[in-house]
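Taking it in order: structure first as structure tokens, then the write-up.
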Amino acid sequence: MSKDLTLLGVKGKIRGFKIEDYQEIVSLWKKVGLAEKGENTKEDLIEQQKVAKDLFLVYEVDGKIAGTVIGGWDGWRAWIYRIAVAPEYQRKGIGSKLILEITKRLSSKGGKRFRALIMSHNDPSKSMFQKTGFKLHEKIVLATKDDLCC
Ligand SMILES: CC(C)(COP(=O)(O)OP(=O)(O)OC[C@H]1O[C@@H](n2cnc3c(N)ncnc32)[C@H](O)[C@@H]1OP(=O)(O)O)[C@@H](O)C(=O)NCCC(=O)NCCS
């Protein structure tokens, strides 16, 4: 299922991730600085799609991927991951549209507490989340433990 949308003159649609999107998505993530070492293999994305099901979305414009978002629902909190918009499509409302769509889908699964991790220096992202109704918590510290092979 996909939705046709027109944003500031850019006509696009939100649709689910397909494995054929892999290369384009990874190069978009690299372009905007979201690709990390040891992540984002094709197998990772296939696994993510299995888990996320209808929560791994892309924004497509003229057959090209302009944006991505992944939702995560664990029965307690609803998470928003990998919100990214290709540089040439930024500032046209696509990121906000993807947040609204993913929160709607997470809501329909029972999500009430929506969360996203944002680097403290990422002003565009902080501003986008605030504009879409999120509150920023400067005092929360992130604890991580990664088990990555490379
Ligand atoms: C953050 C990001 C997803 C925003 O996507 P976008 O489609 O450009 O966002 P929108 O057009 O919906 O912008 C919504 C609001 O966010 C803020 N914003 C977005 N980009 C901004 C920028 N470069 N500088 C300042 N504010 C910005 C603005 O308040 C904007 O509203 P306005 O255009 O009416 O002023 C995009 O910049 C991106 O992909 N960045 C790199 C990846 C990343 O950091 N992802 C977030 C990880 S937490």
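Chain labels follow the order of the structure tokens: the first chain is A, the next B, and so on; residue numbering restarts at 1 in every chain, and ligands are counted from 1 in their shown order.
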Show me which residues are within 6 Å of ligand 1 counting only C-alpha atoms and all ligand atoms, and format the list as a PDB file with N, CA, C and O atoms, in the first residue's frame.
```
ATOM      1  N   VAL A  32      23.986  11.251   4.056  1.00  0.00           N
ATOM      2  CA  VAL A  32      23.536  12.149   5.136  1.00  0.00           C
ATOM      3  C   VAL A  32      24.187  11.821   6.482  1.00  0.00           C
ATOM      4  O   VAL A  32      23.786  12.341   7.517  1.00  0.00           O
ATOM      5  N   ILE A  83      15.463   8.123  10.301  1.00  0.00           N
ATOM      6  CA  ILE A  83      14.734   9.145   9.557  1.00  0.00           C
ATOM      7  C   ILE A  83      15.785   9.928   8.779  1.00  0.00           C
ATOM      8  O   ILE A  83      16.719  10.492   9.372  1.00  0.00           O
ATOM      9  N   ALA A  84      15.689   9.886   7.477  1.00  0.00           N
ATOM     10  CA  ALA A  84      16.698  10.522   6.621  1.00  0.00           C
ATOM     11  C   ALA A  84      16.050  11.011   5.336  1.00  0.00           C
ATOM     12  O   ALA A  84      15.178  10.341   4.781  1.00  0.00           O
ATOM     13  N   VAL A  85      16.502  12.168   4.875  1.00  0.00           N
ATOM     14  CA  VAL A  85      16.005  12.712   3.608  1.00  0.00           C
ATOM     15  C   VAL A  85      17.221  13.103   2.769  1.00  0.00           C
ATOM     16  O   VAL A  85      18.164  13.738   3.273  1.00  0.00           O
ATOM     17  N   GLN A  90      15.680  17.874   0.937  1.00  0.00           N
ATOM     18  CA  GLN A  90      15.473  18.368   2.307  1.00  0.00           C
ATOM     19  C   GLN A  90      14.735  19.706   2.306  1.00  0.00           C
ATOM     20  O   GLN A  90      14.715  20.424   1.332  1.00  0.00           O
ATOM     21  N   ARG A  91      14.130  19.990   3.459  1.00  0.00           N
ATOM     22  CA  ARG A  91      13.417  21.257   3.686  1.00  0.00           C
ATOM     23  C   ARG A  91      12.163  21.379   2.819  1.00  0.00           C
ATOM     24  O   ARG A  91      11.764  22.455   2.431  1.00  0.00           O
ATOM     25  N   LYS A  92      11.568  20.228   2.477  1.00  0.00           N
ATOM     26  CA  LYS A  92      10.325  20.248   1.708  1.00  0.00           C
ATOM     27  C   LYS A  92       9.208  19.552   2.471  1.00  0.00           C
ATOM     28  O   LYS A  92       8.173  19.219   1.924  1.00  0.00           O
ATOM     29  N   GLY A  93       9.469  19.263   3.731  1.00  0.00           N
ATOM     30  CA  GLY A  93       8.425  18.656   4.566  1.00  0.00           C
ATOM     31  C   GLY A  93       8.407  17.133   4.548  1.00  0.00           C
ATOM     32  O   GLY A  93       7.541  16.511   5.168  1.00  0.00           O
ATOM     33  N   ILE A  94       9.353  16.501   3.834  1.00  0.00           N
ATOM     34  CA  ILE A  94       9.332  15.038   3.712  1.00  0.00           C
ATOM     35  C   ILE A  94       9.640  14.364   5.053  1.00  0.00           C
ATOM     36  O   ILE A  94       8.952  13.431   5.473  1.00  0.00           O
ATOM     37  N   GLY A  95      10.658  14.861   5.756  1.00  0.00           N
ATOM     38  CA  GLY A  95      11.003  14.292   7.062  1.00  0.00           C
ATOM     39  C   GLY A  95       9.810  14.353   8.013  1.00  0.00           C
ATOM     40  O   GLY A  95       9.459  13.363   8.660  1.00  0.00           O
ATOM     41  N   SER A  96       9.149  15.491   8.064  1.00  0.00           N
ATOM     42  CA  SER A  96       7.989  15.647   8.952  1.00  0.00           C
ATOM     43  C   SER A  96       6.858  14.696   8.552  1.00  0.00           C
ATOM     44  O   SER A  96       6.202  14.098   9.402  1.00  0.00           O
ATOM     45  N   LEU A 117      16.322   8.820  19.136  1.00  0.00           N
ATOM     46  CA  LEU A 117      17.653   9.223  19.609  1.00  0.00           C
ATOM     47  C   LEU A 117      18.218  10.227  18.608  1.00  0.00           C
ATOM     48  O   LEU A 117      18.260   9.952  17.412  1.00  0.00           O
ATOM     49  N   ILE A 118      18.665  11.354  19.120  1.00  0.00           N
ATOM     50  CA  ILE A 118      19.187  12.410  18.234  1.00  0.00           C
ATOM     51  C   ILE A 118      20.525  12.879  18.802  1.00  0.00           C
ATOM     52  O   ILE A 118      20.623  13.125  20.010  1.00  0.00           O
ATOM     53  N   PRO A 124      19.014  20.394  12.839  1.00  0.00           N
ATOM     54  CA  PRO A 124      17.885  20.178  11.928  1.00  0.00           C
ATOM     55  C   PRO A 124      16.932  19.094  12.448  1.00  0.00           C
ATOM     56  O   PRO A 124      15.712  19.275  12.437  1.00  0.00           O
ATOM     57  N   SER A 125      17.510  17.994  12.943  1.00  0.00           N
ATOM     58  CA  SER A 125      16.660  16.908  13.430  1.00  0.00           C
ATOM     59  C   SER A 125      15.901  17.330  14.693  1.00  0.00           C
ATOM     60  O   SER A 125      14.701  17.058  14.836  1.00  0.00           O
ATOM     61  N   SER A 127      14.994  20.245  15.543  1.00  0.00           N
ATOM     62  CA  SER A 127      13.955  21.188  15.155  1.00  0.00           C
ATOM     63  C   SER A 127      12.771  20.461  14.486  1.00  0.00           C
ATOM     64  O   SER A 127      11.598  20.763  14.763  1.00  0.00           O
ATOM     65  N   MET A 128      13.105  19.489  13.628  1.00  0.00           N
ATOM     66  CA  MET A 128      12.030  18.738  12.957  1.00  0.00           C
ATOM     67  C   MET A 128      11.176  17.982  13.975  1.00  0.00           C
ATOM     68  O   MET A 128       9.936  18.005  13.904  1.00  0.00           O
TER      69      MET A 128
END
```
Set the distance at 9 Å and use only C-alpha atoms: which residues neighbour Ala66 of chain A once local chain neighbours fewer than 6 positions away are removed? I'd like the list as a short mmCIF file (atom, residue, chain, number, x, y, z; two decimals) with all heavy atoms, in the first residue's frame.
```cif
data_model
loop_
_atom_site.label_atom_id
_atom_site.label_comp_id
_atom_site.auth_asym_id
_atom_site.auth_seq_id
_atom_site.Cartn_x
_atom_site.Cartn_y
_atom_site.Cartn_z
N GLY A 12 5.29 12.80 -4.34
CA GLY A 12 5.92 11.54 -3.99
C GLY A 12 4.95 10.62 -3.28
O GLY A 12 3.78 10.93 -3.12
N ILE A 25 19.22 2.96 -0.59
CA ILE A 25 19.02 3.37 0.79
C ILE A 25 20.36 3.54 1.51
O ILE A 25 20.59 4.54 2.18
CB ILE A 25 18.13 2.34 1.54
CG1 ILE A 25 16.69 2.50 1.09
CG2 ILE A 25 18.24 2.51 3.05
CD1 ILE A 25 15.72 1.63 1.83
N LEU A 28 22.00 6.62 0.36
CA LEU A 28 21.34 7.81 0.97
C LEU A 28 21.82 8.00 2.41
O LEU A 28 22.21 9.09 2.83
CB LEU A 28 19.82 7.63 0.93
CG LEU A 28 18.92 8.82 1.24
CD1 LEU A 28 17.49 8.51 0.81
CD2 LEU A 28 18.88 9.25 2.67
N VAL A 58 9.78 4.04 2.93
CA VAL A 58 10.58 4.96 2.13
C VAL A 58 9.65 6.00 1.53
O VAL A 58 8.44 5.76 1.37
CB VAL A 58 11.37 4.24 0.99
CG1 VAL A 58 12.27 3.16 1.55
CG2 VAL A 58 10.45 3.68 -0.08
N TYR A 59 10.22 7.15 1.22
CA TYR A 59 9.48 8.20 0.50
C TYR A 59 10.05 8.22 -0.91
O TYR A 59 11.25 8.48 -1.10
CB TYR A 59 9.66 9.56 1.19
CG TYR A 59 8.70 10.59 0.65
CD1 TYR A 59 7.48 10.83 1.28
CD2 TYR A 59 8.99 11.30 -0.51
CE1 TYR A 59 6.59 11.76 0.77
CE2 TYR A 59 8.10 12.22 -1.03
CZ TYR A 59 6.91 12.45 -0.38
OH TYR A 59 6.01 13.36 -0.90
N GLU A 60 9.21 7.93 -1.90
CA GLU A 60 9.69 7.80 -3.27
C GLU A 60 9.21 8.97 -4.13
O GLU A 60 8.05 9.34 -4.08
CB GLU A 60 9.15 6.47 -3.83
CG GLU A 60 9.66 6.14 -5.21
CD GLU A 60 8.97 4.90 -5.78
OE1 GLU A 60 9.09 3.81 -5.19
OE2 GLU A 60 8.29 5.04 -6.81
N ALA A 84 15.69 9.89 7.48
CA ALA A 84 16.70 10.52 6.62
C ALA A 84 16.05 11.01 5.34
O ALA A 84 15.18 10.34 4.78
CB ALA A 84 17.80 9.52 6.28
N VAL A 85 16.50 12.17 4.88
CA VAL A 85 16.01 12.71 3.61
C VAL A 85 17.22 13.10 2.77
O VAL A 85 18.16 13.74 3.27
CB VAL A 85 15.07 13.93 3.85
CG1 VAL A 85 14.65 14.57 2.54
CG2 VAL A 85 13.84 13.51 4.66
N ALA A 86 17.21 12.70 1.49
CA ALA A 86 18.35 13.01 0.61
C ALA A 86 18.52 14.52 0.52
O ALA A 86 17.52 15.26 0.49
CB ALA A 86 18.07 12.43 -0.79
N PRO A 87 19.79 15.01 0.50
CA PRO A 87 20.05 16.46 0.53
C PRO A 87 19.20 17.27 -0.44
O PRO A 87 18.67 18.32 -0.09
CB PRO A 87 21.53 16.55 0.20
CG PRO A 87 22.10 15.25 0.69
CD PRO A 87 21.03 14.21 0.49
N GLU A 88 19.04 16.76 -1.68
CA GLU A 88 18.31 17.55 -2.69
C GLU A 88 16.81 17.65 -2.40
O GLU A 88 16.11 18.43 -3.03
CB GLU A 88 18.56 17.00 -4.10
CG GLU A 88 18.12 15.57 -4.37
CD GLU A 88 19.15 14.50 -4.02
OE1 GLU A 88 19.94 14.69 -3.06
OE2 GLU A 88 19.16 13.46 -4.70
N TYR A 89 16.32 16.84 -1.46
CA TYR A 89 14.88 16.88 -1.13
C TYR A 89 14.62 17.44 0.27
O TYR A 89 13.49 17.43 0.74
CB TYR A 89 14.27 15.47 -1.23
CG TYR A 89 14.20 14.97 -2.65
CD1 TYR A 89 15.05 13.97 -3.10
CD2 TYR A 89 13.29 15.51 -3.55
CE1 TYR A 89 15.01 13.51 -4.40
CE2 TYR A 89 13.23 15.06 -4.85
CZ TYR A 89 14.09 14.06 -5.27
OH TYR A 89 14.03 13.63 -6.57
N GLN A 90 15.68 17.87 0.94
CA GLN A 90 15.47 18.37 2.31
C GLN A 90 14.73 19.71 2.31
O GLN A 90 14.71 20.42 1.33
CB GLN A 90 16.83 18.50 3.02
CG GLN A 90 17.43 17.14 3.34
CD GLN A 90 18.76 17.20 4.07
OE1 GLN A 90 19.24 18.27 4.42
NE2 GLN A 90 19.38 16.05 4.25
N ILE A 94 9.35 16.50 3.83
CA ILE A 94 9.33 15.04 3.71
C ILE A 94 9.64 14.36 5.05
O ILE A 94 8.95 13.43 5.47
CB ILE A 94 10.31 14.56 2.61
CG1 ILE A 94 9.82 15.04 1.24
CG2 ILE A 94 10.46 13.02 2.62
CD1 ILE A 94 10.76 14.76 0.07
#
```
To test your reading of the structure, identify every residue in segment 5-143 of chain A that backbone DSSP assigns to strand (DSSP E), and report it as JSON, numbers by chain. {"A": [5, 6, 7, 10, 11, 12, 13, 14, 15, 16, 56, 57, 58, 59, 60, 61, 64, 65, 66, 67, 68, 69, 70, 71, 72, 73, 78, 79, 80, 81, 82, 83, 84, 85, 114, 115, 116]}
Nearest to Ala52 of chain A: which of A:Arg105, A:Lys131, A:Lys145, A:Lys11 is it, counting only C-alpha atoms? A:Arg105
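The two atoms in question, atom CA of His137 of chain A and atom CA of Arg82 of chain A, are spaced 19.4 Å apart.
Among the candidate residues A:Leu136, A:Glu47, A:Gly111, A:Trp73, the one lying nearest to Asp123 of chain A is A:Leu136, with distances computed using only C-alpha atoms.
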Any chance you could tabulate, as JSON lines, the residues of segment 45-131 of chain A at most 12 Å from segment 17-23 of chain A with each one's nearest atom pair and distance in Å to one decimal, using only C-alpha atoms, in chain and rising number order?
```
{"residue": "A:Leu45", "atom": "CA", "partner": "A:Tyr22", "partner_atom": "CA", "distance": 7.5}
{"residue": "A:Ile46", "atom": "CA", "partner": "A:Ile19", "partner_atom": "CA", "distance": 6.9}
{"residue": "A:Glu47", "atom": "CA", "partner": "A:Ile19", "partner_atom": "CA", "distance": 10.6}
{"residue": "A:Gln48", "atom": "CA", "partner": "A:Phe17", "partner_atom": "CA", "distance": 10.0}
{"residue": "A:Gln49", "atom": "CA", "partner": "A:Phe17", "partner_atom": "CA", "distance": 7.4}
{"residue": "A:Lys50", "atom": "CA", "partner": "A:Phe17", "partner_atom": "CA", "distance": 10.7}
{"residue": "A:Ala52", "atom": "CA", "partner": "A:Phe17", "partner_atom": "CA", "distance": 10.0}
{"residue": "A:Lys53", "atom": "CA", "partner": "A:Phe17", "partner_atom": "CA", "distance": 8.9}
{"residue": "A:Asp54", "atom": "CA", "partner": "A:Phe17", "partner_atom": "CA", "distance": 8.4}
{"residue": "A:Leu55", "atom": "CA", "partner": "A:Phe17", "partner_atom": "CA", "distance": 8.7}
{"residue": "A:Phe56", "atom": "CA", "partner": "A:Phe17", "partner_atom": "CA", "distance": 5.6}
{"residue": "A:Leu57", "atom": "CA", "partner": "A:Phe17", "partner_atom": "CA", "distance": 5.3}
{"residue": "A:Val58", "atom": "CA", "partner": "A:Phe17", "partner_atom": "CA", "distance": 6.0}
{"residue": "A:Tyr59", "atom": "CA", "partner": "A:Phe17", "partner_atom": "CA", "distance": 9.4}
{"residue": "A:Glu60", "atom": "CA", "partner": "A:Phe17", "partner_atom": "CA", "distance": 10.3}
{"residue": "A:Gly63", "atom": "CA", "partner": "A:Asp21", "partner_atom": "CA", "distance": 10.5}
{"residue": "A:Lys64", "atom": "CA", "partner": "A:Asp21", "partner_atom": "CA", "distance": 9.4}
{"residue": "A:Ile65", "atom": "CA", "partner": "A:Asp21", "partner_atom": "CA", "distance": 7.9}
{"residue": "A:Ala66", "atom": "CA", "partner": "A:Asp21", "partner_atom": "CA", "distance": 11.4}
{"residue": "A:Gly67", "atom": "CA", "partner": "A:Phe17", "partner_atom": "CA", "distance": 10.9}
{"residue": "A:Thr68", "atom": "CA", "partner": "A:Phe17", "partner_atom": "CA", "distance": 8.7}
{"residue": "A:Val69", "atom": "CA", "partner": "A:Phe17", "partner_atom": "CA", "distance": 9.5}
{"residue": "A:Ile70", "atom": "CA", "partner": "A:Phe17", "partner_atom": "CA", "distance": 9.4}
{"residue": "A:Gly71", "atom": "CA", "partner": "A:Phe17", "partner_atom": "CA", "distance": 12.0}
```
Report as a short mmCIF file (atom, residue, chain, number, x, y, z; two decimals) with N, CA, C and O atoms, in the first residue's frame: the residues of chain A with a DSSP assignment of alpha helix (DSSP H), based on the backbone of this structure.
```cif
data_model
loop_
_atom_site.label_atom_id
_atom_site.label_comp_id
_atom_site.auth_asym_id
_atom_site.auth_seq_id
_atom_site.Cartn_x
_atom_site.Cartn_y
_atom_site.Cartn_z
N TYR A 22 17.85 -1.68 -1.46
CA TYR A 22 19.01 -1.73 -0.57
C TYR A 22 20.13 -0.74 -0.91
O TYR A 22 20.49 0.11 -0.10
N GLN A 23 20.67 -0.83 -2.14
CA GLN A 23 21.83 0.02 -2.51
C GLN A 23 21.50 1.50 -2.38
O GLN A 23 22.29 2.29 -1.86
N GLU A 24 20.32 1.84 -2.88
CA GLU A 24 19.93 3.26 -2.88
C GLU A 24 19.79 3.79 -1.46
O GLU A 24 20.19 4.91 -1.15
N ILE A 25 19.22 2.96 -0.59
CA ILE A 25 19.02 3.37 0.79
C ILE A 25 20.36 3.54 1.51
O ILE A 25 20.59 4.54 2.18
N VAL A 26 21.23 2.57 1.32
CA VAL A 26 22.52 2.66 2.01
C VAL A 26 23.31 3.87 1.50
O VAL A 26 23.94 4.59 2.28
N SER A 27 23.22 4.15 0.19
CA SER A 27 23.98 5.33 -0.28
C SER A 27 23.32 6.61 0.22
O SER A 27 24.02 7.57 0.54
N LEU A 28 22.00 6.62 0.36
CA LEU A 28 21.34 7.81 0.97
C LEU A 28 21.82 8.00 2.41
O LEU A 28 22.21 9.09 2.83
N TRP A 29 21.82 6.91 3.19
CA TRP A 29 22.25 6.99 4.59
C TRP A 29 23.69 7.47 4.68
O TRP A 29 24.03 8.26 5.55
N LYS A 30 24.55 6.99 3.76
CA LYS A 30 25.96 7.42 3.77
C LYS A 30 26.05 8.92 3.48
O LYS A 30 26.76 9.65 4.14
N LYS A 31 25.28 9.34 2.47
CA LYS A 31 25.29 10.75 2.07
C LYS A 31 24.93 11.68 3.21
O LYS A 31 25.46 12.77 3.34
N LYS A 42 23.11 -6.09 3.63
CA LYS A 42 21.82 -6.46 3.02
C LYS A 42 21.05 -7.37 3.99
O LYS A 42 19.85 -7.22 4.18
N GLU A 43 21.78 -8.27 4.64
CA GLU A 43 21.15 -9.20 5.60
C GLU A 43 20.54 -8.43 6.77
O GLU A 43 19.46 -8.77 7.25
N ASP A 44 21.24 -7.38 7.22
CA ASP A 44 20.70 -6.56 8.32
C ASP A 44 19.34 -5.96 7.92
O ASP A 44 18.40 -5.94 8.71
N LEU A 45 19.29 -5.47 6.68
CA LEU A 45 18.05 -4.81 6.25
C LEU A 45 16.92 -5.81 6.03
O LEU A 45 15.76 -5.53 6.32
N ILE A 46 17.28 -7.02 5.56
CA ILE A 46 16.26 -8.06 5.38
C ILE A 46 15.70 -8.43 6.75
O ILE A 46 14.48 -8.54 6.95
N GLU A 47 16.58 -8.57 7.73
CA GLU A 47 16.17 -8.91 9.09
C GLU A 47 15.29 -7.78 9.67
O GLU A 47 14.25 -8.03 10.28
N GLN A 48 15.73 -6.56 9.42
CA GLN A 48 14.97 -5.41 9.91
C GLN A 48 13.56 -5.39 9.33
O GLN A 48 12.59 -5.13 10.02
N GLN A 49 13.48 -5.71 8.04
CA GLN A 49 12.17 -5.71 7.39
C GLN A 49 11.26 -6.78 7.98
O GLN A 49 10.07 -6.56 8.18
N LYS A 50 11.87 -7.93 8.31
CA LYS A 50 11.07 -9.03 8.91
C LYS A 50 10.50 -8.58 10.24
O LYS A 50 9.34 -8.85 10.57
N VAL A 51 11.31 -7.90 11.03
CA VAL A 51 10.89 -7.47 12.36
C VAL A 51 9.95 -6.27 12.26
O VAL A 51 8.89 -6.24 12.89
N ALA A 52 10.34 -5.29 11.43
CA ALA A 52 9.56 -4.05 11.38
C ALA A 52 8.28 -4.20 10.56
O ALA A 52 7.32 -3.47 10.76
N ILE A 94 9.35 16.50 3.83
CA ILE A 94 9.33 15.04 3.71
C ILE A 94 9.64 14.36 5.05
O ILE A 94 8.95 13.43 5.47
N GLY A 95 10.66 14.86 5.76
CA GLY A 95 11.00 14.29 7.06
C GLY A 95 9.81 14.35 8.01
O GLY A 95 9.46 13.36 8.66
N SER A 96 9.15 15.49 8.06
CA SER A 96 7.99 15.65 8.95
C SER A 96 6.86 14.70 8.55
O SER A 96 6.20 14.10 9.40
N LYS A 97 6.67 14.57 7.25
CA LYS A 97 5.61 13.69 6.75
C LYS A 97 5.90 12.23 7.17
O LYS A 97 5.00 11.49 7.57
N LEU A 98 7.17 11.84 7.07
CA LEU A 98 7.55 10.47 7.46
C LEU A 98 7.35 10.25 8.96
O LEU A 98 6.90 9.19 9.39
N ILE A 99 7.64 11.28 9.76
CA ILE A 99 7.42 11.15 11.21
C ILE A 99 5.92 10.98 11.49
O ILE A 99 5.51 10.12 12.28
N LEU A 100 5.12 11.79 10.82
CA LEU A 100 3.67 11.69 11.07
C LEU A 100 3.13 10.32 10.67
O LEU A 100 2.33 9.72 11.38
N GLU A 101 3.59 9.82 9.53
CA GLU A 101 3.11 8.51 9.06
C GLU A 101 3.55 7.39 10.00
O GLU A 101 2.78 6.51 10.36
N ILE A 102 4.82 7.44 10.44
CA ILE A 102 5.30 6.34 11.28
C ILE A 102 4.65 6.40 12.66
O ILE A 102 4.31 5.37 13.24
N THR A 103 4.42 7.60 13.18
CA THR A 103 3.77 7.67 14.50
C THR A 103 2.33 7.17 14.40
O THR A 103 1.83 6.52 15.31
N LYS A 104 1.69 7.45 13.27
CA LYS A 104 0.32 6.96 13.08
C LYS A 104 0.31 5.41 13.08
O LYS A 104 -0.51 4.78 13.73
N ARG A 105 1.27 4.85 12.36
CA ARG A 105 1.33 3.38 12.29
C ARG A 105 1.70 2.77 13.65
O ARG A 105 1.17 1.73 14.04
N LEU A 106 2.62 3.42 14.37
CA LEU A 106 3.01 2.91 15.69
C LEU A 106 1.85 3.03 16.67
O LEU A 106 1.61 2.15 17.49
N SER A 107 1.11 4.10 16.53
CA SER A 107 -0.09 4.32 17.35
C SER A 107 -1.11 3.22 17.14
O SER A 107 -1.72 2.72 18.08
N SER A 108 -1.28 2.85 15.87
CA SER A 108 -2.29 1.82 15.56
C SER A 108 -1.91 0.47 16.14
O SER A 108 -2.74 -0.42 16.30
N ASP A 123 20.96 19.96 14.99
CA ASP A 123 19.89 20.96 15.10
C ASP A 123 18.74 20.76 14.11
O ASP A 123 17.58 20.92 14.50
N PRO A 124 19.01 20.39 12.84
CA PRO A 124 17.89 20.18 11.93
C PRO A 124 16.93 19.09 12.45
O PRO A 124 15.71 19.28 12.44
N SER A 125 17.51 17.99 12.94
CA SER A 125 16.66 16.91 13.43
C SER A 125 15.90 17.33 14.69
O SER A 125 14.70 17.06 14.84
N LYS A 126 16.60 18.01 15.60
CA LYS A 126 15.92 18.45 16.84
C LYS A 126 14.75 19.37 16.49
O LYS A 126 13.65 19.23 17.04
N SER A 127 14.99 20.24 15.54
CA SER A 127 13.96 21.19 15.16
C SER A 127 12.77 20.46 14.49
O SER A 127 11.60 20.76 14.76
N MET A 128 13.10 19.49 13.63
CA MET A 128 12.03 18.74 12.96
C MET A 128 11.18 17.98 13.98
O MET A 128 9.94 18.00 13.90
N PHE A 129 11.82 17.34 14.94
CA PHE A 129 11.04 16.59 15.94
C PHE A 129 10.19 17.55 16.78
O PHE A 129 9.01 17.26 17.06
N GLN A 130 10.77 18.69 17.15
CA GLN A 130 9.98 19.66 17.94
C GLN A 130 8.77 20.13 17.15
O GLN A 130 7.67 20.22 17.69
N LYS A 131 9.00 20.44 15.87
CA LYS A 131 7.90 20.92 15.04
C LYS A 131 6.79 19.89 14.87
O LYS A 131 5.66 20.22 14.55
#
```
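Interatomic distance, atom CA of Gly133 of chain A against atom CA of Ile80 of chain A: 13.7 Å.
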Can you tell me how far atom CA of Leu142 of chain A sits from atom CA of Met119 of chain A, in Å to one decimal? 10.3 Å
